[in-house]
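Here the structure comes first, spelled out in structure tokens, and everything after it is commentary.
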There are 2 protein chains.
Amino acid sequence: MTDRPAPAMTKRDLLSLIGKSAGATAMYMAMSSLGQAQASTFKGPIKLDGDPGGASVLVLGAGVAGLVAALELSRAGYKVQVLEYNPQVGGRSWTLRGGDTYTELGGLTQTCQFSSGNYINPGPWRIPAEHGGLIHYCKMLGVGLEPFQQNNYNAYIHSTKAFGGKPQRYKTIQADYYGHVAELLAKAVKKNALDDAVTAEDAAILLESLRGWGALDNDMRYVRGRSSASRRGWDKGPGGGLTAEPIPSDPLDMSTVLKSGMWRQIGGHLSNEHQHAIFQPAGGMDQIAKGFERAVGNLVRCNSKVTAIHQDEKGVTVHYLDTKTGQKLTAQAGYCICTIPLSILSQIEINVGPSLDAAIHAVPYLPGLKVGLEFKRRFWEQDEEIYGGITSTDLPIGQISYPSYGYGSQGPGVVLGAYANGAFAYEFTSLAPAERVQRALEWGSQIHPQYKSEFMNGIAVGWHRVPWTQGCFAIWTEETRAEHYKNLCQMDGRIMLAGEHASYIGGWQEGGITSALDAIGRLHQRVLAG
Amino acid sequence: MTDRPAPAMTKRDLLSLIGKSAGATAMYMAMSSLGQAQASTFKGPIKLDGDPGGASVLVLGAGVAGLVAALELSRAGYKVQVLEYNPQVGGRSWTLRGGDTYTELGGLTQTCQFSSGNYINPGPWRIPAEHGGLIHYCKMLGVGLEPFQQNNYNAYIHSTKAFGGKPQRYKTIQADYYGHVAELLAKAVKKNALDDAVTAEDAAILLESLRGWGALDNDMRYVRGRSSASRRGWDKGPGGGLTAEPIPSDPLDMSTVLKSGMWRQIGGHLSNEHQHAIFQPAGGMDQIAKGFERAVGNLVRCNSKVTAIHQDEKGVTVHYLDTKTGQKLTAQAGYCICTIPLSILSQIEINVGPSLDAAIHAVPYLPGLKVGLEFKRRFWEQDEEIYGGITSTDLPIGQISYPSYGYGSQGPGVVLGAYANGAFAYEFTSLAPAERVQRALEWGSQIHPQYKSEFMNGIAVGWHRVPWTQGCFAIWTEETRAEHYKNLCQMDGRIMLAGEHASYIGGWQEGGITSALDAIGRLHQRVLAG
């Protein structure tokens with residue numbers, strides 16, 4: 001699963017699509033329903049007390065949801081077997097390094113050519129501090145975490161429609177937007193236009209606060225000077241010695257900021273999941289999978305493609321294909337925790353009741369594309385003082401994310417050169433992989449001209465062409481959530497679903513984890529109840 | 001040199017002192033003059049082309065300014081000797097670890113008792129990405145950098161005067177302040193109160209922007225709901241499975257936010273030097289000193305206390321005391337780069353012209369105190385999901401800074417338990433070190449009740465009692481800057497001053513570095529000119 005991208009991008013792309021067809025009200029409803037507000041309910045390690053009495057569970061899918069279920073159920077005394085389609089565990093929690101190969105739907109195979117030490121995470125790439133469940137398992141499994149640079153004031157905002165396509169530093173746009181907002185509100189307060197909403201006592205405090213927050217001058221204006229330059233940057237920065245005096249820069253006027261549309265990119269880091277602190281596993285997201293593999297790898301049968309799930313009053317039988325040998329096999333257990341993405345599960349024969357069946361078929365998956373690009377050197381650091389963080393753009397690539405590891409290193413570096421969602425991801429992915437890389441390179445060179453001379457190689461993962469998930473993550477709306485969500489999560493006979501799709505933290509590993517914990521907790525109650 | 005603390009603290013303390021005596025205008029002038037807006041003029045490695053013809057330079061002080069001067073002058077062919085008071089190089093760029101001892105003015109000695117791997121940096125502790133000079137030398141000297149967590153939305157704002165002394169999460173206060181600012185401005189725009197300042201076209205865009213940025217609802221209100229909860233946090237966070245639906249939280253009303261005074265702590269990360277990305281050397285700030293020591297340690301004579309500096313038409317003679325043997329010695333060279341802090345230099349005999357002499361005596365130093373506290377476990381991470389970053393408080397400790405290294409580790413952890421400046425630092429430091437630690441512990445326990453049961457040991461450095469600097473850093477005002485700054489930086493005969501005090505980036509290592517580069521550049525021109 002790719003976690004949710006910087007909300008300014010995904011959400012906007014998707015909402016834009018929705019908005020175009022359904023108007024502003026539908027757009028707002030969708031904004032709520034996508035649940036961009038996400039922190040975890042995880043409150044500490046699960047306790048599955050009581051003897052399951054030899055009960056057995058078949059877990060389908062070895063992504064983080066399946067792995068958590070396998071780990072906790074086996075610790076609680078269950079007989080557990082996990083079937084996994086891929087040759088390795090981890091699911092969408094995945095890392096591509098030099099030498100790795102990846103074959104998408106349609107049979108096109110790419111071999112990653114990154115230099116040693118470089119990688120991209122085609123799926124989830126960030127761990128918010130609030131995602132306590134995932135952090136708990138990282139600690140338990142010895143997965144080291146390091147800061148992910150989400151919000152970098154030195155990175156760019158880029159728009160083809162503003163400043164002649166010249167990228168602007170994030171800090172400049174934000175400082176100018178904040179400054180003008182503060183000046184305008186101060187103006188309204190001073191002309192008593194808000195006397196119905198703010199008492200005189202509060203108004204005085206508000207003005208004081210706006211001056212500091214907005215970097216206003218003594219006359220409550222956002223103007224050229226040290227105060228504004230201390231936020232937006234200087235024409236000539238301060239230094240030492242005789243010629244050290246700094247020269248302030250000219251703020252953009254409010255109209256320019258507004259018409260640029262770049263304010264859309266302010267605040268991506270204000271939502272709970274993108275607020276600092278935010279982490280990544282040191283060495284790649286698949287370090288989590290490797291941690292789980294050390295703990296429960298012995299329970300997982302890889303290269304096992306589930307073809308049918310059948311339950312009766314005695315247990316669950318799963319038919320699967322060994323993708324290496326072509327052999328048709330079956331596995332049986334008392335219960336089944338199925339974490340297969342709905343995009344795939346909806347194509348598999350499964351005998352569940354009509355409400356769960358309807359839920360399985362009700363939820364579409366977000367298309368998405370990530371492109372990793374390797375360059376001969378870290379020109380973003382060396383030429384532009386951008387260390388990690390994200391440049392956003394209205395180009396189809398959506399964003400460029402700079403590596404949050406190996407700062408200052410001299411060798412080749414890898415950026416996430418595209419993270420596209422929505423309709424454009426379909427278009428982008430319809431191209432052959434080499435062509436996708438080429439396009440990402442061309443678009444990105446509008447922001448970093450160094451792209452062309454420094455390029456080494458690239459790799460492109462279109463999530464709706466990933467054979468085992470066929471999409472990024474489940475998209476719930478208010479309507480589908482109301483009609484189907486509880487049915488999706490309810491135990492159906494001996495089968496229970498888990499995964500990010502069975503959560504309110506869609507698109508994040510924490511959704512899969514909290515979903516799995518909720519599911520096995522209920523399963524355990526059922527088993528103990530006999 | 002301690003670099004500038006989170007501006008909300010130092011600046012406010014200092015400005016508050018100034019403000020009390022001199023009114024708002026003086027305060028504003030001071031705000032400008034402290035030069036809180038600081039980025040570096042560093043534009044790449046210095047080139048000292050041309051043969052200095054055997055010229056010799058005596059560098060006084062082996063802090064970063066002196067070390068940069070020594071490194072670059074020796075590379076350019078100068079004969080260089082450095083005299084340093086301390087037993088080690090680095091100056092204020094200093095780290096305390098278990099086993100280290102420190103003796104302050106008055107003779108009180110503390111021994112640091114931290115566990116292996118833990119440390120505090122009593123002086124500078126952060127490296128903004130914009131400080132290109134320092135980052136250049138870190139790269140050159142093989143000093144690894146890792147992210148410093150400046151702004152952590154999960155850390156607290158604490159005020160003894162608000163919420164009954166209960167700390168509030170940073171994200172909550174900021175989200176509510178932003179939300180209400182957005183709602184109020186939208187209200188003013190909608191009632192056409194700003195028609196003189198905003199065109200109708202811009203007003204429509206402004207409203208759209210405020211809704212997104214302020215997390216307003218469809219009616220442009222900042223109210224309880226998913227939108228506000230996605231910023232400020234939830235009453236019950238979202239999760240997975242059946243009971244996963246999140247429950248929004250109630251925003252504070254605007255009056256409560258304003259009266260709390262906590263808005264003062266919003267925006268500490270908005271100034272250039274505190275914007276992400278921001279770094280620290282992996283393993284402690286003294287890794288920089290160790291890097292310089294590897295490069296030019298052979299040029300430095302430690303334990304050498306300068307007592308007099310004399311120049312004539314032929315050269316410079318420096319009298320110094322070997323602090324180990326008590327021996328009185330002299331050193332001679334053609335020129336002298338003096339990086340001794342003005343607080344100390346003003347006590348040393350030096351024959352310079354009246355304008356430089358006046359400048360040396362014109363600049364006071366900021367008092368300051370840092371306290372490191374070690375606890376048995378990282379309760380801030382384990383109990384409160386705070387990984388790095390800074391909690392601010394109106395208590396005399398000023399702030400609590402959580403370590404930006406070793407996230408998730410199980411052993412003891414060290415926080416910066418106080419960073420006090422201004423008048424209170426004098427009061428605080430008048431106590432014996434153990435008493436300072438005790439006070440920091442008592443105050444801090446108002447924020448973290450775990451303090452009392454988890455405390456292990458602490459260490460307290462009061463900068464105005466540090467024998468070799470007697471203060472944190474130079475405090476320039478508009479007036480002293482206008483009258484003395486250029487005189488301070490001008491070469492006086494064969495002597496030139498350098499250091500953060502001779503820069504517009506006061507309180508940061510980058511000020512010392514850019515000052516040194518400017519000084520040696522001018523010295524080199526002088527030498528080449530014969």
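Here's how to read the names in the structure tokens: chain A, B, ... by the order shown, residue numbers from 1 in each chain, ligand numbers from 1 in the order shown.
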
So that I can check the secondary structure, give me every residue of stretch 165-414 of chain A assigned strand (DSSP E or B) by backbone DSSP, as a ChimeraX atom specification. /A:168-169,236,240,247,278-281,300-301,304-311,316-322,328-333,335-338,349-350,365,368-375,389-393,399-402,413-414

Tell me, as a list in words, which residues lie within 9 Å of B:Ala359, counting only C-alpha atoms; anything in the same chain fewer than 6 positions away does not count.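 Close residues of B:Ala359: Leu342, Thr480, Glu483, His484, Tyr485, Lys486, Asn487 and Leu488 of chain B.
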
Mind dumping a table of every stretch 305-409 of chain B residue within 12 Å of stretch 273-297 of chain B, with the nearest atom pair and its distance in Å to one decimal, using only C-alpha atoms, sorted by chain and rising number, as CSV?
```
residue,atom,partner,partner_atom,distance
B:Gly389,CA,B:Ile278,CA,11.4
B:Ile390,CA,B:His274,CA,11.7
B:Pro403,CA,B:Gln280,CA,10.7
B:Ser404,CA,B:Gln280,CA,8.4
B:Tyr405,CA,B:Ala282,CA,7.9
B:Gly406,CA,B:Gly283,CA,10.1
```

Excluding stretch 167-174 of chain B and any residue of its chain fewer than 5 positions from it, enumerate the residues within 9 Å of it, using only C-alpha atoms, and give them as JSON, numbers by chain. {"A": [270, 272, 275], "B": [151, 152, 153, 154, 155, 156, 157, 158, 159, 160, 162, 179, 229, 231, 232, 233, 251, 252, 257, 262, 263, 265, 266, 267, 391, 393, 446, 447]}

Residues within 12 Å of B:Pro124, only C-alpha atoms, excluding chain neighbours under 3 positions, as an mmCIF file with N, CA and C atoms, in the first residue's frame:
```cif
data_model
loop_
_atom_site.group_PDB
_atom_site.id
_atom_site.type_symbol
_atom_site.label_atom_id
_atom_site.label_comp_id
_atom_site.auth_asym_id
_atom_site.auth_seq_id
_atom_site.Cartn_x
_atom_site.Cartn_y
_atom_site.Cartn_z
ATOM 1 N N MET B 1 30.075 29.121 21.754
ATOM 2 C CA MET B 1 28.913 29.972 21.529
ATOM 3 C C MET B 1 27.656 29.131 21.477
ATOM 4 N N THR B 2 26.717 29.467 22.305
ATOM 5 C CA THR B 2 25.420 28.853 22.072
ATOM 6 C C THR B 2 24.824 29.559 20.882
ATOM 7 N N ASP B 3 24.276 28.812 19.978
ATOM 8 C CA ASP B 3 23.589 29.498 18.903
ATOM 9 C C ASP B 3 22.310 30.075 19.489
ATOM 10 N N ARG B 4 21.613 30.821 18.669
ATOM 11 C CA ARG B 4 20.409 31.464 19.167
ATOM 12 C C ARG B 4 19.375 30.403 19.530
ATOM 13 N N PRO B 5 18.782 30.496 20.709
ATOM 14 C CA PRO B 5 17.758 29.514 21.072
ATOM 15 C C PRO B 5 16.485 29.744 20.263
ATOM 16 N N ALA B 6 15.519 28.845 20.431
ATOM 17 C CA ALA B 6 14.244 29.039 19.746
ATOM 18 C C ALA B 6 13.820 30.474 19.980
ATOM 19 N N GLY B 63 38.147 28.221 18.571
ATOM 20 C CA GLY B 63 36.751 27.936 18.253
ATOM 21 C C GLY B 63 36.616 27.801 16.742
ATOM 22 N N VAL B 64 35.402 27.688 16.249
ATOM 23 C CA VAL B 64 35.268 27.446 14.809
ATOM 24 C C VAL B 64 35.862 28.578 13.978
ATOM 25 N N GLY B 90 37.660 23.811 19.826
ATOM 26 C CA GLY B 90 36.211 23.811 19.579
ATOM 27 C C GLY B 90 35.488 24.999 20.186
ATOM 28 N N GLY B 91 36.042 25.533 21.282
ATOM 29 C CA GLY B 91 35.371 26.668 21.922
ATOM 30 C C GLY B 91 33.985 26.290 22.403
ATOM 31 N N ARG B 92 33.035 27.170 22.076
ATOM 32 C CA ARG B 92 31.659 26.941 22.533
ATOM 33 C C ARG B 92 31.003 25.764 21.815
ATOM 34 N N SER B 93 31.615 25.291 20.739
ATOM 35 C CA SER B 93 31.130 24.117 20.012
ATOM 36 C C SER B 93 31.587 22.882 20.774
ATOM 37 N N TRP B 94 30.789 22.450 21.725
ATOM 38 C CA TRP B 94 31.229 21.674 22.862
ATOM 39 C C TRP B 94 30.171 20.635 23.201
ATOM 40 N N THR B 95 30.613 19.491 23.665
ATOM 41 C CA THR B 95 29.690 18.420 24.053
ATOM 42 C C THR B 95 30.092 17.860 25.402
ATOM 43 N N ILE B 120 24.827 16.172 26.067
ATOM 44 C CA ILE B 120 24.209 17.445 25.673
ATOM 45 C C ILE B 120 25.288 18.328 25.061
ATOM 46 N N ASN B 121 24.815 19.238 24.215
ATOM 47 C CA ASN B 121 25.666 20.284 23.652
ATOM 48 C C ASN B 121 25.367 21.558 24.438
ATOM 49 N N ILE B 127 22.234 23.134 13.266
ATOM 50 C CA ILE B 127 22.868 23.625 12.040
ATOM 51 C C ILE B 127 21.794 23.799 10.974
ATOM 52 N N PRO B 128 21.344 25.035 10.748
ATOM 53 C CA PRO B 128 20.356 25.260 9.685
ATOM 54 C C PRO B 128 20.926 24.883 8.321
ATOM 55 N N PHE B 279 19.936 20.564 11.071
ATOM 56 C CA PHE B 279 20.759 19.394 11.365
ATOM 57 C C PHE B 279 21.498 19.496 12.695
ATOM 58 N N GLN B 280 22.045 18.377 13.107
ATOM 59 C CA GLN B 280 23.039 18.334 14.183
ATOM 60 C C GLN B 280 24.102 17.340 13.734
ATOM 61 N N PRO B 281 25.343 17.516 14.228
ATOM 62 C CA PRO B 281 26.337 16.493 13.926
ATOM 63 C C PRO B 281 25.957 15.197 14.641
ATOM 64 N N GLY B 284 27.182 14.426 18.542
ATOM 65 C CA GLY B 284 27.502 15.583 19.382
ATOM 66 C C GLY B 284 28.191 16.694 18.600
ATOM 67 N N MET B 285 27.956 17.929 19.040
ATOM 68 C CA MET B 285 28.489 19.087 18.310
ATOM 69 C C MET B 285 30.014 19.078 18.258
ATOM 70 N N ASP B 286 30.655 18.459 19.252
ATOM 71 C CA ASP B 286 32.123 18.494 19.257
ATOM 72 C C ASP B 286 32.734 17.609 18.166
ATOM 73 N N ILE B 288 32.517 18.400 15.251
ATOM 74 C CA ILE B 288 33.085 19.438 14.376
ATOM 75 C C ILE B 288 34.493 19.793 14.855
ATOM 76 N N LYS B 370 22.207 26.360 30.356
ATOM 77 C CA LYS B 370 21.651 25.103 29.846
ATOM 78 C C LYS B 370 21.824 24.020 30.900
ATOM 79 N N TYR B 419 16.892 25.957 29.092
ATOM 80 C CA TYR B 419 17.680 26.847 28.245
ATOM 81 C C TYR B 419 17.169 28.239 28.559
ATOM 82 N N TRP B 463 26.512 30.156 31.165
ATOM 83 C CA TRP B 463 27.526 30.652 30.233
ATOM 84 C C TRP B 463 28.283 31.875 30.727
ATOM 85 N N CYS B 472 27.055 34.017 26.595
ATOM 86 C CA CYS B 472 26.681 33.171 25.446
ATOM 87 C C CYS B 472 27.248 33.714 24.150
ATOM 88 N N PHE B 473 26.847 34.932 23.834
ATOM 89 C CA PHE B 473 27.283 35.535 22.580
ATOM 90 C C PHE B 473 27.054 37.036 22.647
ATOM 91 N N GLU B 500 31.835 35.134 15.945
ATOM 92 C CA GLU B 500 30.412 35.455 15.754
ATOM 93 C C GLU B 500 30.122 36.900 16.104
ATOM 94 N N GLY B 506 24.966 36.565 14.677
ATOM 95 C CA GLY B 506 25.385 36.402 16.052
ATOM 96 C C GLY B 506 24.776 35.170 16.689
ATOM 97 N N GLY B 507 25.590 34.504 17.504
ATOM 98 C CA GLY B 507 25.062 33.360 18.226
ATOM 99 C C GLY B 507 25.015 32.085 17.422
ATOM 100 N N TRP B 508 25.545 32.123 16.227
ATOM 101 C CA TRP B 508 25.591 30.901 15.418
ATOM 102 C C TRP B 508 27.028 30.680 14.954
ATOM 103 N N GLN B 509 27.385 29.407 14.819
ATOM 104 C CA GLN B 509 28.721 29.081 14.333
ATOM 105 C C GLN B 509 28.982 29.674 12.952
ATOM 106 N N GLU B 510 27.916 29.748 12.132
ATOM 107 C CA GLU B 510 28.066 30.304 10.789
ATOM 108 C C GLU B 510 28.567 31.744 10.839
ATOM 109 N N GLY B 511 28.191 32.474 11.869
ATOM 110 C CA GLY B 511 28.691 33.837 12.027
ATOM 111 C C GLY B 511 30.191 33.831 12.223
ATOM 112 N N GLY B 512 30.687 32.934 13.047
ATOM 113 C CA GLY B 512 32.127 32.815 13.250
ATOM 114 C C GLY B 512 32.847 32.421 11.972
#
```

I need the alpha helix (DSSP H) residues of stretch 44-229 of chain A per DSSP on the backbone, written as a PDB file with C-alpha atoms, in the first residue's frame.
```pdb
ATOM      1  CA  VAL A  64       1.737  -5.839   7.494  1.00  0.00           C
ATOM      2  CA  ALA A  65      -1.874  -6.697   8.395  1.00  0.00           C
ATOM      3  CA  GLY A  66      -1.352 -10.397   7.745  1.00  0.00           C
ATOM      4  CA  LEU A  67       2.031 -10.421   9.427  1.00  0.00           C
ATOM      5  CA  VAL A  68       0.682  -8.748  12.573  1.00  0.00           C
ATOM      6  CA  ALA A  69      -2.187 -11.243  12.654  1.00  0.00           C
ATOM      7  CA  ALA A  70       0.226 -14.154  12.231  1.00  0.00           C
ATOM      8  CA  LEU A  71       2.605 -12.845  14.870  1.00  0.00           C
ATOM      9  CA  GLU A  72       0.009 -12.180  17.534  1.00  0.00           C
ATOM     10  CA  LEU A  73      -2.110 -15.267  16.876  1.00  0.00           C
ATOM     11  CA  SER A  74       0.894 -17.575  16.987  1.00  0.00           C
ATOM     12  CA  ARG A  75       2.053 -15.941  20.219  1.00  0.00           C
ATOM     13  CA  GLY A 132       1.779   3.981  17.501  1.00  0.00           C
ATOM     14  CA  GLY A 133       0.959   0.495  16.268  1.00  0.00           C
ATOM     15  CA  LEU A 134       3.533   0.522  13.524  1.00  0.00           C
ATOM     16  CA  ILE A 135       6.122   2.134  15.780  1.00  0.00           C
ATOM     17  CA  HIS A 136       5.418  -0.531  18.394  1.00  0.00           C
ATOM     18  CA  TYR A 137       6.154  -3.305  15.906  1.00  0.00           C
ATOM     19  CA  CYS A 138       9.240  -1.508  14.606  1.00  0.00           C
ATOM     20  CA  LYS A 139      10.614  -1.430  18.144  1.00  0.00           C
ATOM     21  CA  MET A 140       9.603  -5.026  18.813  1.00  0.00           C
ATOM     22  CA  TYR A 170       8.390  27.026  -0.125  1.00  0.00           C
ATOM     23  CA  LYS A 171       9.415  29.472   2.582  1.00  0.00           C
ATOM     24  CA  THR A 172       8.877  32.455   0.303  1.00  0.00           C
ATOM     25  CA  ILE A 173       5.333  31.573  -0.643  1.00  0.00           C
ATOM     26  CA  GLN A 174       4.343  30.598   2.881  1.00  0.00           C
ATOM     27  CA  ALA A 175       5.897  33.684   4.479  1.00  0.00           C
ATOM     28  CA  ASP A 176       4.186  35.972   1.995  1.00  0.00           C
ATOM     29  CA  TYR A 177       0.820  34.250   2.345  1.00  0.00           C
ATOM     30  CA  TYR A 178       1.026  34.356   6.148  1.00  0.00           C
ATOM     31  CA  GLY A 179       2.250  37.934   6.131  1.00  0.00           C
ATOM     32  CA  HIS A 180      -0.571  39.174   3.952  1.00  0.00           C
ATOM     33  CA  VAL A 181      -3.194  37.178   5.843  1.00  0.00           C
ATOM     34  CA  ALA A 182      -1.917  38.760   9.072  1.00  0.00           C
ATOM     35  CA  GLU A 183      -1.861  42.256   7.595  1.00  0.00           C
ATOM     36  CA  LEU A 184      -5.370  41.938   6.170  1.00  0.00           C
ATOM     37  CA  LEU A 185      -6.842  40.605   9.390  1.00  0.00           C
ATOM     38  CA  ALA A 186      -5.106  43.359  11.367  1.00  0.00           C
ATOM     39  CA  LYS A 187      -6.593  45.893   8.998  1.00  0.00           C
ATOM     40  CA  ALA A 188     -10.080  44.503   9.501  1.00  0.00           C
ATOM     41  CA  VAL A 189      -9.649  44.456  13.273  1.00  0.00           C
ATOM     42  CA  LYS A 190      -8.348  48.014  13.337  1.00  0.00           C
ATOM     43  CA  ALA A 200     -11.792  44.862  22.411  1.00  0.00           C
ATOM     44  CA  GLU A 201      -9.600  43.027  24.887  1.00  0.00           C
ATOM     45  CA  ASP A 202      -9.108  40.083  22.537  1.00  0.00           C
ATOM     46  CA  ALA A 203      -8.591  42.384  19.577  1.00  0.00           C
ATOM     47  CA  ALA A 204      -5.554  43.930  21.247  1.00  0.00           C
ATOM     48  CA  ILE A 205      -4.042  40.512  21.878  1.00  0.00           C
ATOM     49  CA  LEU A 206      -4.924  39.403  18.372  1.00  0.00           C
ATOM     50  CA  LEU A 207      -3.090  42.362  16.854  1.00  0.00           C
ATOM     51  CA  GLU A 208      -0.018  41.641  18.938  1.00  0.00           C
ATOM     52  CA  SER A 209      -0.103  38.010  17.884  1.00  0.00           C
ATOM     53  CA  LEU A 210      -0.523  38.851  14.208  1.00  0.00           C
ATOM     54  CA  ARG A 211       2.498  41.124  14.228  1.00  0.00           C
ATOM     55  CA  GLY A 212       4.728  38.351  15.484  1.00  0.00           C
ATOM     56  CA  TRP A 213       3.239  35.491  13.550  1.00  0.00           C
ATOM     57  CA  GLY A 214       2.932  37.392  10.285  1.00  0.00           C
ATOM     58  CA  ARG A 226      14.383  42.377   8.204  1.00  0.00           C
ATOM     59  CA  SER A 227      11.219  41.012   9.681  1.00  0.00           C
ATOM     60  CA  SER A 228       9.818  39.633   6.435  1.00  0.00           C
ATOM     61  CA  ALA A 229      13.250  38.615   5.143  1.00  0.00           C
TER      62      ALA A 229
END
```

Write out as a list in words the residues lying within 7 Å of stretch 48-53 of chain B, counting only C-alpha atoms and excluding same-chain residues fewer than 4 positions away. Ala76, Gly77, Tyr78, Gly521, His524, Val527 and Leu528 of chain B

Store the residues picked out above in a file with N, CA and C atoms, as a CSV table (one decimal), in the first residue's frame.
```
chain,number,residue,atom,x,y,z
B,76,ALA,N,46.8,28.0,2.4
B,76,ALA,CA,47.3,29.0,1.4
B,76,ALA,C,48.8,29.3,1.6
B,77,GLY,N,49.5,28.6,2.5
B,77,GLY,CA,50.9,28.8,2.5
B,77,GLY,C,51.4,29.7,3.7
B,78,TYR,N,50.5,30.1,4.6
B,78,TYR,CA,50.9,30.9,5.7
B,78,TYR,C,51.5,30.0,6.8
B,521,GLY,N,40.4,36.8,4.1
B,521,GLY,CA,40.4,37.3,2.7
B,521,GLY,C,41.0,38.7,2.7
B,524,HIS,N,44.8,38.5,3.5
B,524,HIS,CA,45.5,38.0,2.4
B,524,HIS,C,45.8,39.1,1.3
B,527,VAL,N,48.5,41.2,2.6
B,527,VAL,CA,49.8,40.6,2.5
B,527,VAL,C,50.3,40.6,1.1
B,528,LEU,N,49.4,40.3,0.2
B,528,LEU,CA,49.8,40.3,-1.3
B,528,LEU,C,50.2,41.7,-1.7
```

Point-to-point distance in Å for atom CA of A:Ile337 and atom CA of A:Val300: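 Computing it gives 13.6 Å between the two atoms.
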
Please indicate the distance in Å from atom CA of B:Gly471 to atom CA of B:Thr109, rounded to one decimal place.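 These two atoms are separated by 18.0 Å.
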
Can you pull out the residues contacting B:Arg494? Cut-off 10 Å, using only C-alpha atoms, and skip same-chain residues under 5 positions away; I want them as an mmCIF file with N, CA and C atoms, in the first residue's frame.
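Generated file (around_16.cif):
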```
data_model
loop_
_atom_site.group_PDB
_atom_site.id
_atom_site.type_symbol
_atom_site.label_atom_id
_atom_site.label_comp_id
_atom_site.auth_asym_id
_atom_site.auth_seq_id
_atom_site.Cartn_x
_atom_site.Cartn_y
_atom_site.Cartn_z
ATOM 1 N N VAL B 57 51.006 34.025 10.713
ATOM 2 C CA VAL B 57 49.811 34.520 11.388
ATOM 3 C C VAL B 57 49.638 33.783 12.712
ATOM 4 N N HIS B 310 50.474 42.622 21.705
ATOM 5 C CA HIS B 310 51.202 43.843 21.373
ATOM 6 C C HIS B 310 51.604 43.819 19.911
ATOM 7 N N GLN B 311 51.363 44.932 19.215
ATOM 8 C CA GLN B 311 51.793 45.012 17.828
ATOM 9 C C GLN B 311 52.684 46.238 17.630
ATOM 10 N N ASP B 312 53.597 46.115 16.667
ATOM 11 C CA ASP B 312 54.353 47.270 16.206
ATOM 12 C C ASP B 312 54.472 47.162 14.687
ATOM 13 N N GLU B 313 55.326 47.970 14.099
ATOM 14 C CA GLU B 313 55.363 47.988 12.639
ATOM 15 C C GLU B 313 55.914 46.687 12.042
ATOM 16 N N LYS B 314 56.599 45.881 12.893
ATOM 17 C CA LYS B 314 57.204 44.648 12.366
ATOM 18 C C LYS B 314 56.336 43.406 12.541
ATOM 19 N N GLY B 315 55.482 43.418 13.551
ATOM 20 C CA GLY B 315 54.691 42.214 13.787
ATOM 21 C C GLY B 315 53.892 42.294 15.071
ATOM 22 N N VAL B 316 53.434 41.129 15.482
ATOM 23 C CA VAL B 316 52.578 41.024 16.660
ATOM 24 C C VAL B 316 53.235 40.083 17.664
ATOM 25 N N ALA B 333 54.366 36.737 15.408
ATOM 26 C CA ALA B 333 54.048 36.500 13.998
ATOM 27 C C ALA B 333 53.888 37.840 13.305
ATOM 28 N N GLY B 334 53.764 37.764 11.982
ATOM 29 C CA GLY B 334 53.579 38.988 11.221
ATOM 30 C C GLY B 334 52.206 39.613 11.451
ATOM 31 N N TYR B 335 51.216 38.721 11.632
ATOM 32 C CA TYR B 335 49.839 39.206 11.760
ATOM 33 C C TYR B 335 49.109 38.400 12.831
ATOM 34 N N CYS B 336 47.988 38.940 13.271
ATOM 35 C CA CYS B 336 47.197 38.245 14.282
ATOM 36 C C CYS B 336 45.716 38.267 13.901
ATOM 37 N N ILE B 337 45.108 37.075 13.877
ATOM 38 C CA ILE B 337 43.650 36.961 13.774
ATOM 39 C C ILE B 337 43.174 36.609 15.181
ATOM 40 N N VAL B 352 45.610 48.618 20.308
ATOM 41 C CA VAL B 352 44.942 48.938 19.051
ATOM 42 C C VAL B 352 44.469 50.376 19.122
ATOM 43 N N LEU B 523 42.975 39.978 5.021
ATOM 44 C CA LEU B 523 44.375 39.846 5.435
ATOM 45 C C LEU B 523 45.253 39.444 4.247
ATOM 46 N N ARG B 526 45.992 42.202 1.931
ATOM 47 C CA ARG B 526 46.977 43.078 2.551
ATOM 48 C C ARG B 526 48.392 42.512 2.403
#
```

Identify which of the residues A:Pro449, A:His319, A:Gln332, A:Asn351 lies closest to A:Trp380, counting only C-alpha atoms when measuring atom-to-atom distances.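 For A:Trp380, the nearest of the candidates is A:Pro449.
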
From the options B:Gln410, B:Thr339, B:Ser249, B:Thr256, which residue's atoms come nearest to B:Ile495, counting only C-alpha atoms? B:Thr339

Surrounding residues of B:Tyr85 excluding itself and chain neighbours under 2 positions, 6 Å, only C-alpha atoms, as number ranges by chain: B: 302-305

Please determine, counting only C-alpha atoms, which residue among B:Gln347, B:Ser453, B:Ser260, B:Thr469 has the shortest atom-to-atom distance to chain A.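 When distances to chain A are compared using only C-alpha atoms, the smallest one comes from B:Ser260.
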